[in-house]
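One file, work-v9.csv, carrying CSV, C-alpha atoms:
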```csv
chain,number,residue,atom,x,y,z
I,1,MET,CA,106.8,46.6,198.3
I,2,LYS,CA,110.6,47.0,198.6
I,3,PRO,CA,111.2,47.8,194.9
I,4,LEU,CA,108.5,50.5,195.1
I,5,PHE,CA,110.3,52.1,198.0
I,6,HIS,CA,113.6,52.2,196.1
I,7,ILE,CA,111.9,53.7,193.1
I,8,ASN,CA,110.2,56.3,195.1
I,9,PHE,CA,113.5,57.2,196.8
I,10,ARG,CA,115.5,57.4,193.6
I,11,THR,CA,113.1,59.3,191.5
I,12,PRO,CA,113.6,62.7,193.2
I,13,LEU,CA,117.3,62.1,193.0
I,14,LEU,CA,117.1,61.3,189.3
I,15,ALA,CA,115.0,64.4,188.7
I,16,LEU,CA,117.5,66.5,190.6
I,17,LEU,CA,120.4,65.1,188.6
I,18,LEU,CA,118.5,65.8,185.4
I,19,VAL,CA,118.0,69.4,186.5
I,20,LEU,CA,121.6,69.9,187.6
I,21,ALA,CA,123.4,68.2,184.7
I,22,PRO,CA,123.1,71.0,182.1
I,23,ALA,CA,124.3,73.5,184.7
I,24,LEU,CA,127.3,71.3,185.5
I,25,VAL,CA,128.1,70.8,181.9
I,26,ALA,CA,127.9,74.5,181.2
I,27,LYS,CA,130.2,75.2,184.0
I,28,ALA,CA,132.8,72.8,182.6
I,29,GLN,CA,132.6,74.4,179.1
I,30,ASP,CA,133.1,78.0,180.0
I,31,SER,CA,135.7,78.5,177.3
I,32,ARG,CA,133.5,77.1,174.6
I,33,ILE,CA,132.5,79.9,172.2
I,34,GLN,CA,129.1,79.7,170.6
I,35,MET,CA,129.5,80.0,166.9
I,36,GLY,CA,126.0,79.3,165.8
I,37,GLY,CA,125.4,83.0,165.1
I,38,LEU,CA,127.6,82.7,162.0
I,39,ASP,CA,125.8,79.7,160.5
I,40,HIS,CA,123.7,81.9,158.2
I,41,LEU,CA,126.9,82.9,156.3
I,42,ALA,CA,127.2,79.4,154.9
I,43,ALA,CA,124.4,80.3,152.4
I,44,LYS,CA,126.7,82.9,150.9
I,45,ALA,CA,130.2,81.3,151.3
I,46,SER,CA,132.1,79.7,148.5
I,47,GLN,CA,133.6,77.4,151.2
I,48,THR,CA,132.4,76.7,154.7
I,49,VAL,CA,134.4,74.4,157.0
I,50,ASP,CA,133.0,73.4,160.4
I,51,VAL,CA,135.2,71.2,162.6
I,52,SER,CA,133.9,69.8,165.8
I,53,ILE,CA,136.1,67.7,168.0
I,54,ASP,CA,134.4,67.4,171.3
I,55,GLU,CA,135.6,65.7,174.5
I,56,ARG,CA,134.4,62.2,173.4
I,57,LEU,CA,136.4,62.6,170.2
I,58,MET,CA,139.4,64.0,172.1
I,59,ARG,CA,139.5,60.8,174.2
I,60,LEU,CA,139.2,58.7,171.1
I,61,ALA,CA,142.0,60.7,169.5
I,62,ALA,CA,144.2,60.3,172.6
I,63,LYS,CA,143.7,56.5,172.4
I,64,VAL,CA,144.6,56.1,168.7
I,65,PHE,CA,147.7,58.3,168.3
I,66,SER,CA,150.8,56.2,168.7
I,67,ASP,CA,153.6,56.8,171.1
I,68,LYS,CA,156.0,55.2,168.6
I,69,ASP,CA,155.4,57.5,165.7
I,70,GLU,CA,157.1,60.9,166.4
I,71,ASP,CA,154.5,62.9,164.6
I,72,GLU,CA,151.6,61.3,166.4
I,73,ARG,CA,153.3,61.4,169.7
I,74,GLU,CA,153.6,65.1,169.4
I,75,VAL,CA,149.9,65.5,168.5
I,76,LYS,CA,149.0,63.2,171.4
I,77,GLN,CA,150.9,65.5,173.8
I,78,LEU,CA,149.4,68.6,172.4
I,79,ILE,CA,145.8,67.4,172.8
I,80,ALA,CA,146.3,65.8,176.3
I,81,ASN,CA,143.8,67.4,178.7
I,82,LEU,CA,142.1,69.3,175.9
I,83,LYS,CA,138.3,69.2,176.0
I,84,GLY,CA,137.6,70.2,172.5
I,85,ILE,CA,138.6,71.9,169.3
I,86,TYR,CA,136.0,73.8,167.3
I,87,VAL,CA,136.6,75.6,164.0
I,88,LYS,CA,134.3,77.6,161.8
I,89,SER,CA,135.7,79.1,158.6
I,90,PHE,CA,134.1,80.9,155.7
I,91,GLU,CA,135.5,82.0,152.4
I,92,PHE,CA,133.6,84.2,150.0
I,93,ASP,CA,134.0,85.1,146.3
I,94,THR,CA,133.3,88.8,146.8
I,95,ASP,CA,133.8,91.4,149.5
I,96,GLY,CA,131.2,92.5,152.0
I,97,GLN,CA,129.5,89.2,152.5
I,98,PHE,CA,129.8,89.4,156.3
I,99,VAL,CA,129.4,92.5,158.5
I,100,ALA,CA,130.8,93.8,161.7
I,101,ALA,CA,127.7,92.5,163.5
I,102,ASP,CA,128.6,88.9,162.5
I,103,VAL,CA,132.1,89.2,164.0
I,104,GLU,CA,130.6,90.9,167.0
I,105,THR,CA,128.6,87.7,167.9
I,106,ILE,CA,132.0,86.2,168.7
I,107,ARG,CA,133.8,89.2,170.1
I,108,MET,CA,130.9,89.8,172.5
I,109,GLN,CA,131.6,86.4,174.1
I,110,LEU,CA,135.3,87.2,174.4
I,111,ARG,CA,134.6,90.3,176.4
I,112,ALA,CA,133.3,88.1,179.2
I,113,PRO,CA,135.2,87.9,182.5
I,114,GLY,CA,138.4,85.8,182.3
I,115,TRP,CA,139.0,86.3,178.6
I,116,THR,CA,142.1,88.4,177.7
I,117,ARG,CA,143.2,89.5,174.3
I,118,LEU,CA,146.9,88.9,173.5
I,119,VAL,CA,148.8,91.6,171.7
I,120,ASN,CA,152.1,89.9,171.0
I,121,VAL,CA,150.8,87.7,168.2
I,122,THR,CA,151.3,88.1,164.5
I,123,SER,CA,150.3,86.1,161.5
I,124,LYS,CA,152.0,85.4,158.2
I,125,LYS,CA,148.5,85.6,156.6
I,126,GLU,CA,146.9,88.9,155.6
I,127,GLY,CA,144.0,90.4,157.5
I,128,MET,CA,143.3,90.9,161.1
I,129,LEU,CA,144.2,88.3,163.8
I,130,GLU,CA,142.9,88.4,167.3
I,131,VAL,CA,143.9,85.8,169.9
I,132,TYR,CA,142.2,85.5,173.2
I,133,LEU,CA,143.1,83.4,176.3
I,134,LEU,CA,140.7,82.4,179.0
I,135,MET,CA,142.4,82.3,182.3
I,136,ASN,CA,141.0,80.4,185.2
I,137,GLY,CA,143.1,81.8,188.0
I,138,GLU,CA,146.7,80.9,187.0
I,139,GLN,CA,145.6,78.2,184.6
I,140,ILE,CA,144.7,78.6,180.9
I,141,GLY,CA,141.2,77.4,180.4
I,142,GLY,CA,140.9,77.9,176.7
I,143,LEU,CA,141.9,79.9,173.6
I,144,ALA,CA,140.1,81.6,170.8
I,145,VAL,CA,141.3,82.9,167.5
I,146,LEU,CA,139.4,85.3,165.3
I,147,HIS,CA,140.9,85.9,161.8
I,148,THR,CA,139.2,88.2,159.3
I,149,GLU,CA,140.1,89.2,155.8
I,150,ASP,CA,137.9,90.9,153.2
I,151,ARG,CA,136.7,87.6,152.0
I,152,GLU,CA,137.5,85.3,154.8
I,153,LEU,CA,136.3,84.8,158.4
I,154,THR,CA,137.7,82.1,160.7
I,155,VAL,CA,137.1,81.3,164.3
I,156,VAL,CA,139.1,78.7,166.2
I,157,ASN,CA,138.2,77.7,169.7
I,158,ILE,CA,140.3,75.4,171.8
I,159,VAL,CA,138.7,74.3,175.1
I,160,GLY,CA,141.1,73.3,177.8
I,161,PRO,CA,144.7,74.1,178.7
I,162,VAL,CA,146.6,75.2,175.6
I,163,ASP,CA,149.1,77.9,175.0
I,164,LEU,CA,150.1,79.8,171.9
I,165,ASP,CA,153.1,77.6,171.1
I,166,LYS,CA,150.9,74.6,171.2
I,167,LEU,CA,148.4,76.2,169.0
I,168,ALA,CA,151.0,77.0,166.4
I,169,LYS,CA,152.0,73.3,166.4
I,170,LEU,CA,148.3,72.2,166.0
I,171,GLU,CA,147.9,74.2,162.8
I,172,GLY,CA,147.2,71.9,159.9
I,173,GLN,CA,146.3,69.1,162.3
I,174,LEU,CA,142.9,68.0,163.6
I,175,GLY,CA,141.1,70.4,161.3
I,176,VAL,CA,142.9,73.5,162.7
I,177,PRO,CA,143.6,75.7,159.7
I,178,GLU,CA,147.0,77.2,158.8
I,179,LEU,CA,146.8,80.7,160.3
I,180,GLY,CA,150.5,81.3,160.3
I,181,ILE,CA,150.4,82.3,164.0
I,182,GLU,CA,153.7,83.5,165.4
I,183,PRO,CA,154.0,84.4,169.1
I,184,THR,CA,156.6,87.1,169.3
I,185,LYS,CA,157.9,87.6,172.9
I,186,LYS,CA,156.6,86.5,176.3
I,187,THR,CA,152.9,86.8,176.6
I,188,LYS,CA,151.6,90.2,177.7
I,189,LYS,CA,148.0,91.2,178.3
I,190,GLU,CA,146.6,94.1,176.3
I,191,ASP,CA,144.5,95.2,179.2
I,192,GLU,CA,147.3,95.2,181.8
I,193,LYS,CA,147.0,98.1,184.0
W,1,MET,CA,98.4,53.6,191.2
W,2,LYS,CA,102.1,53.4,192.2
W,3,ALA,CA,102.5,50.0,190.6
W,4,ILE,CA,100.9,51.3,187.4
W,5,ALA,CA,103.1,54.4,187.4
W,6,THR,CA,106.2,52.3,188.0
W,7,THR,CA,105.3,49.9,185.1
W,8,ILE,CA,104.8,52.9,182.8
W,9,LEU,CA,108.2,54.3,183.8
W,10,VAL,CA,109.9,51.0,183.2
W,11,VAL,CA,108.2,50.4,179.8
W,12,ALA,CA,109.1,54.0,178.7
W,13,LEU,CA,112.7,53.5,179.7
W,14,ILE,CA,113.0,50.1,177.9
W,15,SER,CA,111.3,51.5,174.7
W,16,THR,CA,113.6,54.5,174.7
W,17,THR,CA,116.7,52.3,174.9
W,18,ALA,CA,115.3,50.0,172.2
W,19,ASN,CA,114.8,53.0,169.9
W,20,VAL,CA,118.3,54.3,170.4
W,21,VAL,CA,119.8,50.9,169.6
W,22,ASN,CA,117.6,50.5,166.6
W,23,ALA,CA,118.5,54.0,165.3
W,24,LYS,CA,122.2,53.2,165.8
W,25,GLY,CA,121.9,50.1,163.6
W,26,ASP,CA,120.0,51.7,160.8
W,27,ASP,CA,121.7,55.1,160.6
W,28,PHE,CA,123.2,54.3,157.2
W,29,ASN,CA,119.8,53.5,155.7
W,30,SER,CA,118.2,56.4,157.5
W,31,VAL,CA,120.7,58.8,155.9
W,32,VAL,CA,120.1,57.3,152.5
W,33,LYS,CA,116.3,57.7,152.9
W,34,MET,CA,116.7,61.2,154.2
W,35,ILE,CA,118.7,62.2,151.1
W,36,GLU,CA,116.0,60.5,148.9
W,37,GLN,CA,113.2,62.3,150.6
W,38,PHE,CA,114.8,65.7,150.9
W,39,TYR,CA,116.1,65.9,147.4
W,40,ARG,CA,113.5,63.6,145.8
W,41,VAL,CA,116.2,61.3,144.3
W,42,LYS,CA,116.8,57.6,144.2
W,43,HIS,CA,120.1,55.8,145.0
W,44,VAL,CA,121.6,53.1,142.9
W,45,GLY,CA,121.8,49.7,144.5
W,46,LEU,CA,125.1,47.8,144.7
W,47,PRO,CA,124.2,45.0,142.2
W,48,PHE,CA,123.8,47.7,139.5
W,49,LEU,CA,127.1,49.3,140.5
W,50,ALA,CA,128.8,45.9,140.2
W,51,LYS,CA,127.4,45.5,136.7
W,52,ALA,CA,128.7,48.9,135.8
W,53,GLY,CA,132.2,47.7,136.7
W,54,MET,CA,132.5,49.4,140.1
W,55,LYS,CA,134.0,47.4,142.8
W,56,VAL,CA,134.1,48.0,146.5
W,57,ALA,CA,137.2,48.2,148.6
W,58,THR,CA,139.6,47.1,145.9
W,59,THR,CA,141.8,50.1,145.6
W,60,ALA,CA,144.4,51.7,147.7
W,61,ALA,CA,144.2,55.4,148.5
W,62,ARG,CA,147.0,57.7,148.6
W,63,ILE,CA,146.8,60.4,151.3
W,64,LYS,CA,148.8,63.6,151.4
W,65,GLY,CA,151.4,62.2,149.1
W,66,GLY,CA,152.2,59.3,151.5
W,67,GLU,CA,152.2,55.6,150.7
W,68,ALA,CA,149.2,54.1,149.1
W,69,ARG,CA,147.2,52.2,151.6
W,70,ARG,CA,143.9,50.6,152.3
W,71,ILE,CA,141.8,52.7,154.7
W,72,ALA,CA,138.6,50.7,155.4
W,73,GLU,CA,138.7,47.4,157.2
W,74,ALA,CA,137.9,44.5,154.9
W,75,GLY,CA,134.3,43.9,154.4
W,76,SER,CA,133.2,46.9,156.4
W,77,ILE,CA,132.0,49.1,153.6
W,78,LYS,CA,128.4,50.1,153.1
W,79,LEU,CA,127.9,52.3,150.0
W,80,ALA,CA,125.0,54.1,148.4
W,81,VAL,CA,125.4,56.1,145.2
W,82,PHE,CA,123.1,58.7,143.7
W,83,GLU,CA,124.0,59.4,140.0
W,84,ASP,CA,122.9,62.0,137.5
W,85,GLN,CA,120.2,63.6,139.6
W,86,ASP,CA,119.4,67.1,140.8
W,87,PHE,CA,120.5,68.0,144.3
W,88,ASN,CA,119.0,71.4,144.4
W,89,GLY,CA,117.7,72.4,147.8
W,90,ASP,CA,118.3,74.3,151.0
W,91,PHE,CA,121.5,72.7,152.1
W,92,ILE,CA,121.4,74.6,155.4
W,93,LYS,CA,118.1,73.0,156.2
W,94,PHE,CA,119.4,69.6,155.1
W,95,ARG,CA,122.5,69.9,157.3
W,96,SER,CA,120.3,70.8,160.2
W,97,SER,CA,118.1,67.8,159.7
W,98,LEU,CA,121.1,65.5,159.3
W,99,ASN,CA,122.8,66.7,162.4
W,100,GLU,CA,119.6,66.4,164.3
W,101,ALA,CA,119.1,62.8,163.2
W,102,LEU,CA,122.7,61.7,163.8
W,103,ASN,CA,123.9,63.6,166.7
W,104,VAL,CA,122.7,61.1,169.3
W,105,THR,CA,124.6,58.1,168.0
W,106,TRP,CA,127.4,59.7,165.9
W,107,MET,CA,130.0,62.4,166.6
W,108,PRO,CA,130.3,65.1,163.9
W,109,LEU,CA,133.9,65.6,162.9
W,110,VAL,CA,134.0,67.9,160.0
W,111,GLN,CA,131.4,69.4,157.6
W,112,THR,CA,132.3,71.4,154.5
W,113,LEU,CA,129.8,73.3,152.4
W,114,SER,CA,130.0,75.4,149.3
W,115,ALA,CA,127.1,77.7,148.3
W,116,THR,CA,129.0,78.3,145.0
W,117,ASP,CA,129.2,74.8,143.6
W,118,GLY,CA,126.6,73.1,145.9
W,119,GLU,CA,129.1,70.6,147.4
W,120,GLN,CA,128.5,69.2,150.9
W,121,VAL,CA,130.7,66.8,152.8
W,122,TYR,CA,129.8,65.5,156.2
W,123,ILE,CA,132.1,63.1,158.3
W,124,TYR,CA,130.7,61.5,161.4
W,125,LEU,CA,132.4,59.0,163.8
W,126,GLN,CA,131.0,56.4,166.0
W,127,ASP,CA,133.0,54.5,168.7
W,128,ALA,CA,132.8,50.8,168.1
W,129,GLY,CA,135.2,49.5,170.8
W,130,GLU,CA,138.6,48.7,169.4
W,131,LYS,CA,137.6,50.2,166.0
W,132,THR,CA,135.6,53.2,164.8
W,133,ASN,CA,132.8,53.5,162.4
W,134,VAL,CA,133.0,56.4,160.0
W,135,LEU,CA,130.1,57.8,157.9
W,136,VAL,CA,131.0,60.0,155.0
W,137,ILE,CA,128.2,61.8,153.1
W,138,THR,CA,129.2,63.7,150.0
W,139,ILE,CA,126.6,65.6,148.0
W,140,GLU,CA,127.4,67.5,144.8
W,141,GLN,CA,125.2,69.2,142.2
W,142,ARG,CA,124.4,66.0,140.2
W,143,GLU,CA,125.6,63.1,142.4
W,144,ALA,CA,126.0,62.0,145.9
W,145,THR,CA,127.5,59.1,147.9
W,146,VAL,CA,127.0,57.8,151.4
W,147,VAL,CA,129.8,55.6,152.7
W,148,GLN,CA,130.1,53.8,156.0
W,149,VAL,CA,133.3,52.0,156.9
W,150,THR,CA,135.1,50.7,159.9
W,151,LEU,CA,138.6,52.0,160.6
W,152,SER,CA,141.4,50.6,162.6
W,153,PRO,CA,143.0,52.9,165.3
W,154,LYS,CA,145.9,53.6,162.9
W,155,ASN,CA,143.7,54.8,160.1
W,156,LEU,CA,141.5,56.7,162.6
W,157,ALA,CA,144.6,58.6,163.5
W,158,LEU,CA,145.1,59.5,159.9
W,159,LEU,CA,141.5,60.7,159.6
W,160,LEU,CA,141.8,62.8,162.7
W,161,LYS,CA,145.1,64.4,161.5
W,162,ASP,CA,143.7,65.2,158.1
W,163,PRO,CA,139.9,64.9,158.2
W,164,GLU,CA,139.1,66.4,154.8
W,165,GLY,CA,141.8,64.5,152.9
W,166,THR,CA,141.2,61.1,154.5
W,167,GLY,CA,137.4,61.6,154.2
W,168,LYS,CA,137.8,62.1,150.4
W,169,ALA,CA,140.1,59.1,150.3
W,170,ILE,CA,137.5,56.9,152.0
W,171,THR,CA,134.9,57.9,149.5
W,172,GLN,CA,137.3,57.3,146.6
W,173,GLU,CA,138.3,53.9,148.0
W,174,ALA,CA,134.7,52.8,148.2
W,175,THR,CA,133.6,54.1,144.8
W,176,ILE,CA,136.5,54.1,142.5
W,177,ASN,CA,136.2,52.1,139.3
W,178,ASP,CA,138.9,49.5,139.6
W,179,GLN,CA,140.4,49.2,136.1
W,180,GLU,CA,143.9,48.6,137.2
```

Go through the file and emit its structure as C-alpha cells.
Amino acid sequence: MKPLFHINFRTPLLALLLVLAPALVAKAQDSRIQMGGLDHLAAKASQTVDVSIDERLMRLAAKVFSDKDEDEREVKQLIANLKGIYVKSFEFDTDGQFVAADVETIRMQLRAPGWTRLVNVTSKKEGMLEVYLLMNGEQIGGLAVLHTEDRELTVVNIVGPVDLDKLAKLEGQLGVPELGIEPTKKTKKEDEK
Amino acid sequence: MKAIATTILVVALISTTANVVNAKGDDFNSVVKMIEQFYRVKHVGLPFLAKAGMKVATTAARIKGGEARRIAEAGSIKLAVFEDQDFNGDFIKFRSSLNEALNVTWMPLVQTLSATDGEQVYIYLQDAGEKTNVLVITIEQREATVVQVTLSPKNLALLLKDPEGTGKAITQEATINDQE
C-alpha cells in the first residue's frame, strides 16, 4: 500500500509542475523575440539563414572553447551568461519581396515594456539599422538588431546580458552576421524624457 | 482500480522513455527515410560508393584558410548519398517535418535555404558526453547527402565559430573522392 500512497501524493505535484513549467520558461525567456512570422519569406528568398543557439548549446559552447587559445577565450567570455543567440536573415534577388507588415511582426514585440531603442548606433552597411536593448531594472536582459535593406532583412536576437561592444565582437562568430555595428558614444535612450 | 491505474502510468512512462531512446539511435536512418519518402528518391549505399572510388574520412579539410585538418573522429562517419535525382518539393514543408522529427533529440544549429537554387543545409548537434554528434543534411536540386559524425571538443569549437564553413567541410570530408 505504501507505494500507492507515494504515487497518489506525487501525482498532483507532478501535474502542478507540468502546468507551471511553461510559464516559468516563458518568464526566463522574456527577451526572446519570436521570428516565426517571417518564415514565409524563405519561399521567396535567394538565401535564408536561420541560426539557433539555445541555452543547451550555449552551455556546450562554453565547455568547448579553450582558455588557452586567445581567440576562443574571448568568445568564451563574450558568451558567458548568455542564454541564446538567434538569427534570421533573408536575401532577395529583387526589391519588394518583404513588406512593412513583415518587419512590424518584429517591431511590435520590441515595443513591449522594457525594450528601448538605441539611437547612438551606426552601421558600415547600407540600409536601416535598429538596435534595441531589454532592460531588467539596471541589468541588460537581451538585445535585438533589425537590419533592413531593399533586398535584405536580418534579425539578430541575443538573450541574456550583452552590451553593444560585445555584440560588435560577436559579429562573424557563432552565426552572428557581419552587420558593421559601431557604437558611437555612451549609450543614450531614444525615448528619454 | 488504483493498482491498474498505477500500472498503466508506469507502463506508459517506460514505453515513452524507450521510444525516445530508440528514436535517438535511429535518427540518421530516419532522416534518410524521410528524404526518400518526401522527395520520392533513393539513396546510394556505401558499398556502391566504395566501388565508385569514394572513400570515407580519408581527406583533410581546410577551413577558413587555416591549416588542413581532419574534423570527424575516426570511424564515426555515417553517410548516405542521393545522386542524380530530382529534389523538387516544398522545402518549407520538408524543413518543418525535419525539425519536428529531430527537435527532441537534436539541437538545431544553423539552417540555410535558397528558393533560387533549391539548396538546403541543416546542421544539428547532439551532446554525447565528452564528444558531440553532428548531423549535416545537404539537399541540392539533383543531389543530397546526410552525414553524421562525432566531433572532439576542439572541432566542435570550430563548428560553433563558423557553422556554415565547418558544416560544408564536414560534408566534403565525408564524401570527397580521394584521388590524392

(message) Using only C-alpha atoms, I'd like every residue of chain W that has an atom within 7 Å of chain I; please write them out as number ranges by chain.
(response) W: 108-116, 153-154, 156-157, 160-163

(request) Rank nothing, just name the residue among W:Tyr122, W:Ser96, W:Asp27, W:Gln148 nearest to Ile170 of chain W, using only C-alpha atoms. (result)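 Result for the nearest residue to Ile170 of chain W: W:Gln148.
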
(request) Point out the residue among W:Glu119, W:Glu164, W:Asp127, W:Asp90 with the least atom-to-atom distance to Met107 of chain W, counting all atoms listed in the file. (result) W:Asp127

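As for atom CA of Thr175 of chain W and atom CA of Thr145 of chain W, they are spaced 8.5 Å apart.
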
(message) What does the structure give for the distance between atom CA of Val44 of chain W and atom CA of Ala80 of chain W, in Å to one decimal?
(response) 6.5 Å

(request) Name the residues in contact with Asp102 of chain I at a cut-off of 10 Å, using all atoms listed in the file, excluding same-chain residues fewer than 2 positions from it; report them as JSON, numbers by chain. (result) {"I": [35, 37, 38, 39, 40, 41, 98, 99, 100, 104, 105, 106, 107, 153]}

(request) Provide the atom CA of Val119 of chain I to atom CA of Asp95 of chain I distance in Å, to one decimal place. (result)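 Those two atoms sit 26.8 Å apart.
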
(request) Choose the residue, out of W:Thr138, W:Asn103, W:Gln126, W:Asn133, that has the smallest atom-to-atom separation from Phe82 of chain W; count all atoms listed in the file. (result) W:Thr138
